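query04.txt (compact mmCIF, C-alpha atoms)
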# COMPACT_ATOMS: atom_id res chain seq x y z
CA MET A 879 -40.82 16.69 6.54
CA GLN A 880 -37.83 18.51 8.04
CA MET A 881 -36.48 15.20 9.33
CA ILE A 882 -36.37 13.57 5.89
CA PRO A 883 -32.88 14.93 4.92
CA GLN A 884 -31.49 13.81 8.30
CA LEU A 885 -33.00 10.34 7.97
CA ALA A 886 -31.65 10.10 4.41
CA PHE A 887 -28.22 11.14 5.65
CA VAL A 888 -28.26 8.51 8.42
CA ALA A 889 -29.29 5.88 5.87
CA VAL A 890 -26.41 6.86 3.55
CA LEU A 891 -23.95 6.84 6.46
CA LEU A 892 -25.06 3.40 7.65
CA PHE A 893 -25.01 1.98 4.11
CA PHE A 894 -21.45 3.01 3.35
CA GLY A 895 -20.38 2.18 6.92
CA PHE A 896 -21.66 -1.38 6.42
CA LEU A 897 -19.84 -1.73 3.09
CA LEU A 898 -16.62 -0.42 4.61
CA PHE A 899 -16.86 -2.66 7.69
CA ARG A 900 -17.53 -5.74 5.57
CA ARG A 901 -14.60 -5.02 3.26
CA ILE A 902 -12.18 -4.34 6.13
CA ALA A 903 -13.27 -7.60 7.77
CA ARG A 904 -12.61 -9.48 4.51
CA ILE A 905 -9.13 -7.96 4.15
CA ARG A 906 -8.33 -8.87 7.74
CA LYS A 907 -9.43 -12.48 7.17
CA ASN A 908 -7.35 -12.66 4.00
CA ILE A 909 -4.23 -11.39 5.77
CA LEU A 910 -4.75 -13.89 8.60
CA LEU A 911 -4.61 -16.74 6.06
CA GLY A 912 -0.86 -16.29 6.34
CA ARG A 913 1.42 -18.08 8.78
CA PRO A 914 1.59 -16.68 12.33
CA GLU A 915 4.54 -14.38 12.98
CA THR A 916 5.31 -12.59 16.23
CA ILE A 917 6.34 -8.96 15.76
CA ASN A 918 6.29 -7.12 19.06
CA ASP A 919 9.92 -6.14 19.71
CA GLN A 920 11.55 -2.67 19.80
CA LYS A 921 8.30 -0.78 20.07
CA GLY A 922 10.09 2.56 20.33
CA ALA A 923 12.01 1.96 17.09
CA ARG A 924 8.82 0.81 15.38
CA LEU A 925 6.96 3.93 16.44
CA LYS A 926 9.85 6.05 15.14
CA THR A 927 9.71 4.25 11.78
CA LEU A 928 5.94 4.83 11.64
CA LEU A 929 6.33 8.56 12.34
CA LEU A 930 9.23 9.12 9.93
CA VAL A 931 8.21 6.89 7.02
CA ALA A 932 4.40 6.85 7.09
CA PHE A 933 3.57 10.26 8.59
CA GLY A 934 6.78 12.05 7.62
CA GLN A 935 7.04 10.60 4.06
CA LYS A 936 10.81 10.26 4.64
CA LYS A 937 11.55 7.72 1.91
CA MET A 938 9.40 9.55 -0.65
CA PHE A 939 11.89 12.41 -0.76
CA LYS A 940 14.53 10.37 -2.52
CA ARG A 941 12.74 11.70 -5.61
CA LEU A 942 11.96 15.33 -4.89
CA LEU A 943 9.48 16.28 -7.64
CA PRO A 944 6.91 13.49 -7.14
CA ALA A 945 7.50 13.68 -3.37
CA PHE A 946 6.55 17.37 -3.30
CA PHE A 947 3.28 16.88 -5.19
CA HIS A 948 2.49 13.71 -3.26
CA LEU A 949 2.96 15.70 -0.04
CA LEU A 950 0.39 18.25 -1.24
CA ILE A 951 -2.17 15.49 -1.82
CA TYR A 952 -1.27 13.78 1.46
CA VAL A 953 -1.58 16.94 3.58
CA GLY A 954 -4.70 18.02 1.71
CA PHE A 955 -6.29 14.60 2.19
CA ILE A 956 -5.72 14.70 5.96
CA LEU A 957 -6.58 18.34 6.68
CA ILE A 958 -9.44 18.92 4.25
CA ASN A 959 -11.23 15.91 5.65
CA ILE A 960 -11.45 17.72 8.99
CA GLU A 961 -14.27 19.59 7.27
CA VAL A 962 -16.02 16.25 6.78
CA LEU A 963 -16.58 16.19 10.56
CA GLU A 964 -18.68 19.36 10.29
CA ILE A 965 -20.56 17.97 7.28
CA ILE A 966 -21.40 14.77 9.16
CA LEU A 967 -22.61 16.69 12.22
CA ASP A 968 -24.66 19.03 10.01
CA GLY A 969 -26.20 16.00 8.30
CA LEU A 970 -27.08 14.31 11.58
CA LEU A 971 -28.33 17.43 13.40
CA GLY A 972 -29.99 19.21 10.49
CA THR A 973 -27.77 22.28 10.98
CA HIS A 974 -25.72 24.29 8.50
CA ARG A 975 -22.08 25.20 9.13
CA LEU A 976 -22.38 24.19 12.77
CA PHE A 977 -18.91 25.43 13.77
CA ALA A 978 -19.16 28.90 12.18
CA PRO A 979 -20.90 30.67 15.11
CA LEU A 980 -18.65 28.89 17.60
CA VAL A 981 -15.26 29.99 16.27
CA GLY A 982 -16.19 33.27 14.54
CA ASP A 983 -13.62 34.79 12.16
CA PHE A 984 -11.28 31.82 12.63
CA TYR A 985 -13.84 29.73 10.75
CA THR A 986 -13.39 31.92 7.66
CA PHE A 987 -9.61 31.56 7.90
CA LEU A 988 -9.86 27.79 8.39
CA ILE A 989 -12.17 27.17 5.42
CA SER A 990 -10.02 29.48 3.28
CA PHE A 991 -6.96 27.45 4.27
CA PHE A 992 -8.76 24.24 3.32
CA GLU A 993 -9.68 25.77 -0.03
CA VAL A 994 -6.06 26.69 -0.76
CA LEU A 995 -5.15 23.08 0.00
CA ALA A 996 -7.97 21.91 -2.29
CA VAL A 997 -6.56 23.96 -5.19
CA LEU A 998 -3.06 22.61 -4.51
CA VAL A 999 -4.48 19.06 -4.51
CA ILE A 1000 -6.09 19.75 -7.90
CA ILE A 1001 -2.76 21.03 -9.27
CA ALA A 1002 -0.89 17.99 -7.89
CA CYS A 1003 -3.44 15.58 -9.39
CA VAL A 1004 -3.18 17.28 -12.78
CA VAL A 1005 0.63 17.02 -12.63
CA PHE A 1006 0.40 13.30 -11.84
CA LEU A 1007 -2.09 12.76 -14.68
CA ILE A 1008 0.34 14.48 -17.05
CA ARG A 1009 3.25 12.34 -15.80
CA ARG A 1010 1.24 9.15 -16.27
CA ASN A 1011 -0.49 9.84 -19.58
CA ILE A 1012 1.47 12.48 -21.50
CA LEU A 1013 5.06 12.24 -20.29
CA LYS A 1014 4.52 8.47 -19.85
CA VAL A 1015 7.03 7.89 -17.04
CA ASP A 1016 8.43 4.45 -17.77
CA ARG A 1017 7.68 2.79 -14.42
CA PHE A 1018 3.95 3.44 -14.90
CA HIS A 1019 3.90 1.57 -18.19
CA LYS A 1020 5.46 -1.79 -17.40
CA ILE A 1021 3.61 -4.90 -18.53
CA GLU A 1022 2.02 -5.51 -15.13
CA MET A 1023 0.40 -2.05 -15.31
CA LYS A 1024 -1.72 -2.80 -18.37
CA GLY A 1025 -5.49 -2.55 -18.01
CA TRP A 1026 -7.02 -2.04 -14.56
CA PRO A 1027 -3.85 -0.86 -12.68
CA THR A 1028 -3.44 2.06 -15.08
CA LEU A 1029 -7.16 2.87 -15.06
CA ASP A 1030 -7.19 2.69 -11.25
CA GLY A 1031 -4.30 5.15 -10.97
CA ASN A 1032 -5.99 7.63 -13.33
CA LEU A 1033 -9.44 7.15 -11.85
CA ILE A 1034 -8.41 8.00 -8.33
CA LEU A 1035 -6.73 11.23 -9.48
CA VAL A 1036 -9.85 12.28 -11.41
CA ILE A 1037 -12.06 11.46 -8.40
CA GLU A 1038 -9.90 13.64 -6.14
CA ILE A 1039 -10.14 16.54 -8.61
CA VAL A 1040 -13.94 16.21 -8.82
CA LEU A 1041 -14.28 16.08 -5.01
CA MET A 1042 -12.17 19.23 -4.61
CA VAL A 1043 -14.21 21.04 -7.28
CA ALA A 1044 -17.39 19.99 -5.41
CA ILE A 1045 -16.08 21.62 -2.20
CA LEU A 1046 -15.26 24.87 -3.99
CA SER A 1047 -18.62 24.93 -5.82
CA MET A 1048 -20.53 24.27 -2.59
CA ASN A 1049 -18.75 27.11 -0.83
CA ALA A 1050 -19.16 29.51 -3.75
CA ALA A 1051 -22.92 28.94 -4.01
CA ASP A 1052 -23.16 29.20 -0.20
CA GLN A 1053 -21.48 32.63 -0.21
CA VAL A 1054 -23.88 33.99 -2.83
CA LEU A 1055 -26.83 32.81 -0.71
CA GLN A 1056 -25.24 34.40 2.37
CA ALA A 1057 -24.88 37.73 0.54
CA ARG A 1058 -28.57 37.61 -0.41
CA GLY A 1059 -29.56 37.03 3.22
CA VAL A 1060 -31.32 33.72 2.56
CA ASP A 1061 -32.45 32.05 5.77
CA HIS A 1062 -30.48 29.11 7.13
CA TYR A 1063 -27.23 30.24 5.47
CA THR A 1064 -24.90 31.46 8.23
CA THR A 1065 -22.80 34.51 7.38
CA THR A 1066 -19.13 33.52 7.32
CA GLY A 1067 -17.50 36.16 5.16
CA ALA A 1068 -15.68 35.54 1.89
CA PHE A 1069 -13.49 32.48 1.41
CA VAL A 1070 -10.24 32.93 -0.51
CA MET A 1071 -10.62 30.51 -3.44
CA SER A 1072 -14.36 29.91 -3.77
CA GLY A 1073 -14.90 33.66 -3.45
CA MET A 1074 -13.37 33.96 -6.93
CA MET A 1075 -16.02 31.58 -8.27
CA THR A 1076 -19.08 33.51 -7.01
CA PRO A 1077 -19.59 35.41 -10.32
CA ILE A 1078 -20.26 32.02 -11.97
CA PHE A 1079 -23.31 31.54 -9.72
CA GLY A 1080 -24.38 35.17 -9.39
CA GLY A 1081 -27.00 34.98 -12.14
CA LEU A 1082 -28.89 32.04 -10.66
CA SER A 1083 -32.10 32.35 -8.68
CA ASP A 1084 -32.20 31.57 -4.97
CA GLY A 1085 -33.89 28.26 -5.65
CA SER A 1086 -31.34 27.24 -8.26
CA LEU A 1087 -28.47 28.27 -5.98
CA MET A 1088 -29.89 26.22 -3.13
CA MET A 1089 -30.12 23.23 -5.45
CA VAL A 1090 -26.49 23.71 -6.55
CA GLU A 1091 -25.28 24.10 -2.96
CA ARG A 1092 -27.22 21.07 -1.69
CA ALA A 1093 -26.24 18.95 -4.71
CA ALA A 1094 -22.56 19.79 -4.16
CA TRP A 1095 -22.93 19.10 -0.42
CA TRP A 1096 -24.50 15.68 -1.00
CA PHE A 1097 -22.09 14.88 -3.83
CA HIS A 1098 -19.11 15.71 -1.64
CA ILE A 1099 -20.13 13.63 1.39
CA ILE A 1100 -21.33 10.66 -0.70
CA GLY A 1101 -18.17 10.98 -2.76
CA ILE A 1102 -16.00 10.86 0.38
CA LEU A 1103 -17.86 7.81 1.72
CA ALA A 1104 -17.78 6.02 -1.64
CA PHE A 1105 -14.10 6.91 -1.97
CA ALA A 1106 -13.38 5.30 1.42
CA VAL A 1107 -15.01 2.06 0.22
CA TYR A 1108 -13.39 2.22 -3.23
CA VAL A 1109 -9.83 2.53 -1.94
CA THR A 1110 -10.17 -0.80 -0.13
CA TYR A 1111 -10.43 -2.43 -3.58
CA SER A 1112 -7.71 -0.22 -5.04
CA LYS A 1113 -3.96 0.16 -4.85
CA HIS A 1114 -4.80 3.29 -2.87
CA LEU A 1115 -5.47 1.10 0.13
CA HIS A 1116 -1.92 2.18 1.03
CA ILE A 1117 -3.52 5.41 2.32
CA PHE A 1118 -4.50 3.35 5.37
CA MET A 1119 -2.21 0.31 5.19
CA ALA A 1120 1.02 2.32 5.13
CA PHE A 1121 0.73 3.02 8.84
CA PRO A 1122 0.49 -0.54 10.24
CA ASN A 1123 2.84 -1.77 7.52
CA THR A 1124 5.65 0.59 8.49
CA TYR A 1125 5.11 -0.13 12.18
CA TYR A 1126 5.52 -3.88 11.63
CA SER A 1127 8.36 -3.57 9.11
CA ARG A 1128 11.60 -5.46 9.64
CA LEU A 1129 14.17 -3.67 11.78
CA THR A 1130 17.01 -6.11 11.12
CA PRO A 1131 19.66 -5.21 8.49
CA LYS A 1132 18.20 -5.46 4.99
CA GLY A 1133 20.77 -8.02 3.86
CA LYS A 1134 19.91 -10.48 6.62
CA MET A 1135 17.93 -13.51 5.46
CA ASN A 1136 15.60 -15.42 7.76
CA ASN A 1137 16.83 -18.98 8.17
CA MET A 1138 14.64 -21.96 9.02
CA ASN A 1139 15.45 -22.97 12.59
CA GLU A 1140 15.00 -26.67 11.86
CA ILE A 1141 17.52 -26.58 9.03
CA THR A 1142 19.94 -24.38 10.95
CA ASN A 1143 19.88 -26.82 13.88
CA GLU A 1144 20.47 -29.79 11.58
CA VAL A 1145 23.43 -28.11 9.89
CA LYS A 1146 25.02 -27.19 13.22
CA ILE A 1147 24.73 -30.79 14.43
CA MET A 1148 26.25 -32.00 11.14
CA LEU A 1149 29.19 -29.64 11.67
CA GLY A 1150 29.67 -30.88 15.22
CA MET A 1151 28.44 -27.66 16.80
CA SER A 1152 26.58 -28.21 20.05
CA THR A 1153 23.02 -26.89 19.98
CA GLY A 1154 21.66 -28.65 23.04
CA GLU A 1155 19.19 -30.46 20.77
CA GLU A 1156 19.20 -33.74 18.94
CA ALA A 1157 18.67 -34.06 15.22
CA SER A 1158 15.09 -34.93 14.43
CA PRO A 1159 12.99 -35.05 11.30
CA PRO A 1160 10.89 -31.94 10.60
CA PRO A 1161 7.29 -32.01 11.83
CA GLU A 1162 4.86 -33.93 9.66
CA GLY A 1163 3.29 -31.76 7.02
CA MET A 1164 5.91 -29.04 7.40
CA LYS A 1165 6.67 -27.23 4.17
CA PHE A 1166 10.04 -25.71 3.28
CA GLY A 1167 9.48 -22.32 1.71
CA ALA A 1168 6.23 -21.08 0.22
CA ARG A 1169 4.09 -22.39 -2.62
CA ASP A 1170 0.87 -20.47 -1.95
CA VAL A 1171 -0.26 -17.46 0.04
CA ASN A 1172 -1.01 -19.47 3.18
CA ASP A 1173 2.67 -20.48 3.31
CA LEU A 1174 3.69 -16.82 3.58
CA SER A 1175 3.48 -14.91 6.86
CA TRP A 1176 0.66 -12.48 7.61
CA LYS A 1177 3.22 -9.68 7.32
CA ASN A 1178 4.05 -10.73 3.74
CA LEU A 1179 0.33 -10.58 2.95
CA MET A 1180 0.00 -7.19 4.63
CA ASP A 1181 2.86 -6.01 2.41
CA ALA A 1182 0.85 -7.11 -0.63
CA TYR A 1183 -2.19 -5.08 0.42
CA ALA A 1184 -0.02 -2.07 1.29
CA CYS A 1185 1.70 -1.96 -2.12
CA THR A 1186 1.21 1.42 -3.80
CA GLU A 1187 2.15 0.11 -7.27
CA CYS A 1188 4.42 3.15 -7.59
CA GLY A 1189 7.06 1.03 -9.33
CA ARG A 1190 10.06 2.46 -7.50
CA CYS A 1191 11.14 -1.08 -6.62
CA THR A 1192 10.98 -2.23 -10.23
CA SER A 1193 12.74 0.89 -11.51
CA GLU A 1194 15.68 0.10 -9.19
CA CYS A 1195 15.76 -3.67 -9.82
CA PRO A 1196 18.95 -4.61 -11.75
CA ALA A 1197 17.33 -7.78 -13.10
CA ASN A 1198 14.43 -5.81 -14.54
CA LEU A 1199 16.74 -3.12 -15.91
CA THR A 1200 18.65 -5.78 -17.87
CA GLY A 1201 15.50 -7.16 -19.49
CA LYS A 1202 14.68 -10.03 -17.13
CA LYS A 1203 11.01 -10.79 -16.41
CA LEU A 1204 11.35 -10.10 -12.70
CA SER A 1205 9.42 -7.08 -11.44
CA PRO A 1206 9.26 -6.72 -7.63
CA ARG A 1207 6.07 -4.69 -8.04
CA LYS A 1208 4.48 -7.56 -9.99
CA ILE A 1209 5.47 -9.99 -7.22
CA MET A 1210 3.44 -7.91 -4.74
CA MET A 1211 0.53 -7.41 -7.16
CA ASP A 1212 0.39 -11.13 -7.95
CA THR A 1213 0.44 -12.02 -4.25
CA ARG A 1214 -2.46 -9.63 -3.62
CA ASP A 1215 -4.37 -10.96 -6.65
CA ARG A 1216 -3.99 -14.55 -5.47
CA LEU A 1217 -5.00 -13.58 -1.95
CA GLU A 1218 -8.09 -11.77 -3.25
CA ASP A 1219 -9.04 -14.75 -5.43
CA VAL A 1220 -8.73 -17.15 -2.49
CA GLY A 1221 -10.62 -14.79 -0.16
CA LEU A 1222 -13.46 -14.33 -2.66
CA SER A 1223 -13.68 -18.09 -3.16
CA LEU A 1224 -13.88 -18.69 0.59
CA GLN A 1225 -16.49 -15.95 0.93
CA LYS A 1226 -18.66 -17.79 -1.60
CA GLY A 1227 -18.17 -21.07 0.24
CA SER A 1228 -16.07 -22.51 -2.60
CA GLU A 1229 -12.79 -24.43 -2.51
CA GLY A 1230 -10.49 -21.51 -1.61
CA LEU A 1231 -6.87 -22.68 -1.56
CA ALA A 1232 -7.92 -26.04 -2.99
CA ASP A 1233 -8.89 -24.56 -6.35
CA GLY A 1234 -6.05 -26.29 -8.18
CA LYS A 1235 -4.00 -23.11 -8.46
CA SER A 1236 -1.10 -21.73 -6.46
CA LEU A 1237 0.85 -18.49 -6.16
CA LEU A 1238 3.97 -20.22 -7.50
CA GLY A 1239 3.37 -21.32 -11.06
CA ASP A 1240 -0.06 -19.83 -11.78
CA TYR A 1241 0.72 -16.26 -10.74
CA ILE A 1242 4.50 -16.02 -10.31
CA THR A 1243 6.84 -18.04 -12.53
CA LYS A 1244 10.15 -19.69 -11.65
CA GLU A 1245 11.81 -17.56 -14.30
CA GLU A 1246 10.86 -14.44 -12.36
CA ILE A 1247 12.11 -15.56 -8.96
CA ASN A 1248 15.32 -17.09 -10.37
CA ALA A 1249 16.24 -13.73 -11.90
CA CYS A 1250 16.47 -12.07 -8.47
CA THR A 1251 20.01 -11.13 -7.39
CA ASN A 1252 19.10 -10.66 -3.69
CA CYS A 1253 20.52 -7.15 -3.86
CA ASN A 1254 17.73 -5.58 -1.73
CA ALA A 1255 17.38 -2.61 -4.11
CA CYS A 1256 13.61 -3.11 -4.14
CA VAL A 1257 13.44 -3.14 -0.33
CA GLU A 1258 15.52 0.01 -0.08
CA ALA A 1259 13.46 1.81 -2.75
CA CYS A 1260 10.00 1.13 -1.31
CA PRO A 1261 8.55 4.28 0.30
CA ILE A 1262 6.59 2.24 2.89
CA THR A 1263 9.17 -0.50 3.68
CA ILE A 1264 7.55 -3.36 1.74
CA ASN A 1265 9.82 -6.40 1.33
CA PRO A 1266 9.30 -8.19 -2.03
CA LEU A 1267 12.60 -10.04 -1.57
CA ASP A 1268 11.26 -11.99 1.41
CA ILE A 1269 8.46 -13.44 -0.72
CA ILE A 1270 10.87 -14.23 -3.57
CA LEU A 1271 13.23 -16.06 -1.24
CA GLN A 1272 10.44 -18.16 0.26
CA LEU A 1273 9.15 -19.14 -3.18
CA ARG A 1274 12.68 -19.98 -4.31
CA ARG A 1275 13.27 -21.99 -1.13
CA TYR A 1276 10.22 -24.10 -1.94
CA VAL A 1277 11.45 -24.79 -5.48
CA ALA A 1278 14.89 -25.79 -4.22
CA MET A 1279 13.94 -27.83 -1.14
CA GLU A 1280 10.51 -29.26 -1.97
CA GLU A 1281 10.66 -29.68 -5.74
CA SER A 1282 14.44 -29.98 -6.25
CA GLY A 1283 13.68 -27.74 -9.18
CA ALA A 1284 16.48 -25.18 -8.89
CA PRO A 1285 18.63 -24.57 -12.00
CA GLN A 1286 21.33 -27.21 -12.50
CA SER A 1287 24.14 -24.77 -11.75
CA TRP A 1288 22.49 -23.98 -8.41
CA ASN A 1289 22.08 -27.66 -7.58
CA MET A 1290 25.81 -28.19 -8.14
CA MET A 1291 26.54 -25.34 -5.76
CA PHE A 1292 24.13 -26.74 -3.16
CA GLN A 1293 25.82 -30.15 -3.43
CA ASN A 1294 29.25 -28.61 -2.99
CA VAL A 1295 28.09 -26.71 0.08
CA GLU A 1296 26.65 -29.92 1.52
CA THR A 1297 29.73 -32.06 0.89
CA ASN A 1298 32.60 -29.55 0.90
CA PHE A 1299 31.10 -26.76 3.09
CA ALA A 1300 31.84 -24.28 0.29
CA PRO A 1301 30.47 -23.50 -3.19
CA TRP A 1302 33.63 -24.87 -4.84
CA LYS A 1303 34.18 -28.45 -5.91
CA PHE A 1304 37.24 -29.32 -3.85
CA PRO A 1305 37.56 -30.60 -0.28
CA PRO A 1306 38.24 -28.30 2.68
CA THR A 1307 41.69 -29.88 3.10
CA ASP A 1308 42.75 -28.40 -0.25
CA ARG A 1309 41.40 -24.97 0.49
CA PHE A 1310 44.75 -23.37 1.35
CA LYS A 1311 46.92 -25.11 -1.27
CA TRP A 1312 47.10 -21.85 -3.13
CA ALA A 1313 49.32 -20.52 -0.32
CA GLU A 1314 51.96 -23.30 -0.55
CA ASP A 1315 53.93 -21.42 -3.19
CA LEU A 1316 54.04 -18.41 -0.88
CA LYS A 1317 55.62 -20.53 1.87
CA GLU A 1318 58.36 -21.66 -0.48
CA LYS A 1319 59.15 -18.08 -1.36
Step by step, read the file and then write its structure as structure tokens.
Amino acid sequence: MQMIPQLAFVAVLLFFGFLLFRRIARIRKNILLGRPETINDQKGARLKTLLLVAFGQKKMFKRLLPAFFHLLIYVGFILINIEVLEIILDGLLGTHRLFAPLVGDFYTFLISFFEVLAVLVIIACVVFLIRRNILKVDRFHKIEMKGWPTLDGNLILVIEIVLMVAILSMNAADQVLQARGVDHYTTTGAFVMSGMMTPIFGGLSDGSLMMVERAAWWFHIIGILAFAVYVTYSKHLHIFMAFPNTYYSRLTPKGKMNNMNEITNEVKIMLGMSTGEEASPPPEGMKFGARDVNDLSWKNLMDAYACTECGRCTSECPANLTGKKLSPRKIMMDTRDRLEDVGLSLQKGSEGLADGKSLLGDYITKEEINACTNCNACVEACPITINPLDIILQLRRYVAMEESGAPQSWNMMFQNVETNFAPWKFPPTDRFKWAEDLKEK
């Protein structure tokens, strides 16, 4: 009978481990639907970006108030979960507070420190709930945030509060049982925060207290495991995706656009510039730009999964600020939604990319991508170096080069560039006529 809790714990661990493994494998397959792209240069610079931006939260601190409270949740999330290691070992071995006898008084200090962090996490979550639902910060209430995105943001904050309360309740009930000398409950001394809650449980019997302590223990560990699975379906996947995403982020200047080598070579030959290659038609089946998610690179798709939906990009976008439909955040959300739809279809053995839909048109409209000014404000604003502009440019490239569907004013400019090597409608020989009057003077 004593082995039943351990066997139950192993079963719970394996169940959630299977769900998590299956979901991670699905996300990986979805990302690999994108075009191959080699990113293995400047490893030192990439590691520095990872440490400063993902671990150090460098770009978050452009807005101090939310950055401070986000830091509390971030630090709390990392450090408090160290305690999960002890819970897992206790569950597997059938022990209780395994590390307490090993580290002595330091254990009391450590758990007290975790509890202080837990209270700070609760405060930070409450502040964020107030910002979202009472103060109604504008970037959390754009049209793309209606429905599930708003519920998801609130739900995760509530879950974090409940999990922190479970830790404090577990520790408070545990301390009362310790004080009563109940077997199996190792004496640890009073913890700072949960120690204040012991009067709440003081009137309960030993049996009731043990039920409260065990219920909170199970609720906390199952909650942590369920949370880990849930975030893979949520915008909060950035908790994990921020790290690889920042490592593989672009290190070139933000204003630099990626040209298509085939087109660049053709233009150079047309201009009489030696490239060492002969002009040749593009490979059969080659597509200029992107129409669907498989035309984007795997890094673009990783960006979509890493998006935090914080809206900083959209709040800085000049097109959005002037009432245009473009929202860089929506571009990333739509890309992820399309990728999820395709991945789910493939998982079911259905048509996948051949479902009659595409990212361009069914998810993202031409009106949205044509509103972009290429200013890179969204790229600069993103706290984890996501690049919505790269996706916009590839979609716009497809419209211009595959569909010839760019606005008429753009087509005139393209024609002038092709014939006159400049956006203006006069030949290169007339380009310096404006200076003739200066010569006469």
Exercise for review: May I have the protein, DNA and RNA residues with an atom at most 12 Å from (-7.9, -11.2, 9.6), counting all atoms listed in the file in the file's coordinates, returned as a count of residues only?
Suggested key: 20
Do a neighbour search on range 1124-1129 of chain A at 10 Å with only C-alpha atoms, toss out local chain neighbours closer than 4 positions, and write the hits as a compact mmCIF listing (two decimals) with C-alpha atoms, keeping the file's coordinate frame.
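Result file is selection16.txt:
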# COMPACT_ATOMS: atom_id res chain seq x y z
CA THR A 916 5.31 -12.59 16.23
CA ILE A 917 6.34 -8.96 15.76
CA ASN A 918 6.29 -7.12 19.06
CA ASP A 919 9.92 -6.14 19.71
CA GLN A 920 11.55 -2.67 19.80
CA LYS A 921 8.30 -0.78 20.07
CA GLY A 922 10.09 2.56 20.33
CA ALA A 923 12.01 1.96 17.09
CA ARG A 924 8.82 0.81 15.38
CA LEU A 925 6.96 3.93 16.44
CA LYS A 926 9.85 6.05 15.14
CA THR A 927 9.71 4.25 11.78
CA LEU A 928 5.94 4.83 11.64
CA LEU A 929 6.33 8.56 12.34
CA LEU A 930 9.23 9.12 9.93
CA VAL A 931 8.21 6.89 7.02
CA ALA A 932 4.40 6.85 7.09
CA PHE A 933 3.57 10.26 8.59
CA MET A 1119 -2.21 0.31 5.19
CA ALA A 1120 1.02 2.32 5.13
CA LYS A 1177 3.22 -9.68 7.32
CA ASN A 1178 4.05 -10.73 3.74
CA MET A 1180 0.00 -7.19 4.63
CA ASP A 1181 2.86 -6.01 2.41
CA ALA A 1184 -0.02 -2.07 1.29
CA PRO A 1261 8.55 4.28 0.30
CA ILE A 1262 6.59 2.24 2.89
CA THR A 1263 9.17 -0.50 3.68
CA ILE A 1264 7.55 -3.36 1.74
CA ASN A 1265 9.82 -6.40 1.33
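Between Met1210 in chain A and the residues A:Ala1182, A:Val888, A:Ala1255, A:Cys1195, the shortest atom-to-atom distance, using only C-alpha atoms, involves A:Ala1182.
Compared by their closest atoms to Ile956 in chain A, and using all atoms listed in the file, the residues A:Ile1078, A:Ile1000, A:Ile1117, A:Ala1259 rank with A:Ile1117 nearest.
If you look at CA of Ile1141 in chain A and CA of Phe1166 in chain A, they are 9.5 Å away from each other.
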Requested in this report: Do a neighbour search on Ile1242 in chain A at 7 Å with only C-alpha atoms, toss out local chain neighbours closer than 3 positions, and write the hits as a ChimeraX atom specification.
Outcome: /A:1209,1212,1237-1239,1246
Using all atoms listed in the file, the residue out of A:Asp1016, A:Lys1024, A:His974, A:Leu1217 with shortest distance to Gln1056 in chain A is A:His974
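Taking CA of Met1151 in chain A and CA of Phe1299 in chain A as endpoints, the distance between them is 14.0 Å.
Distances here use only C-alpha atoms; by that measure, the residue among A:Ala1002, A:Ile966, A:Val1145, A:Gly1101 closest to Val1295 in chain A is A:Val1145.
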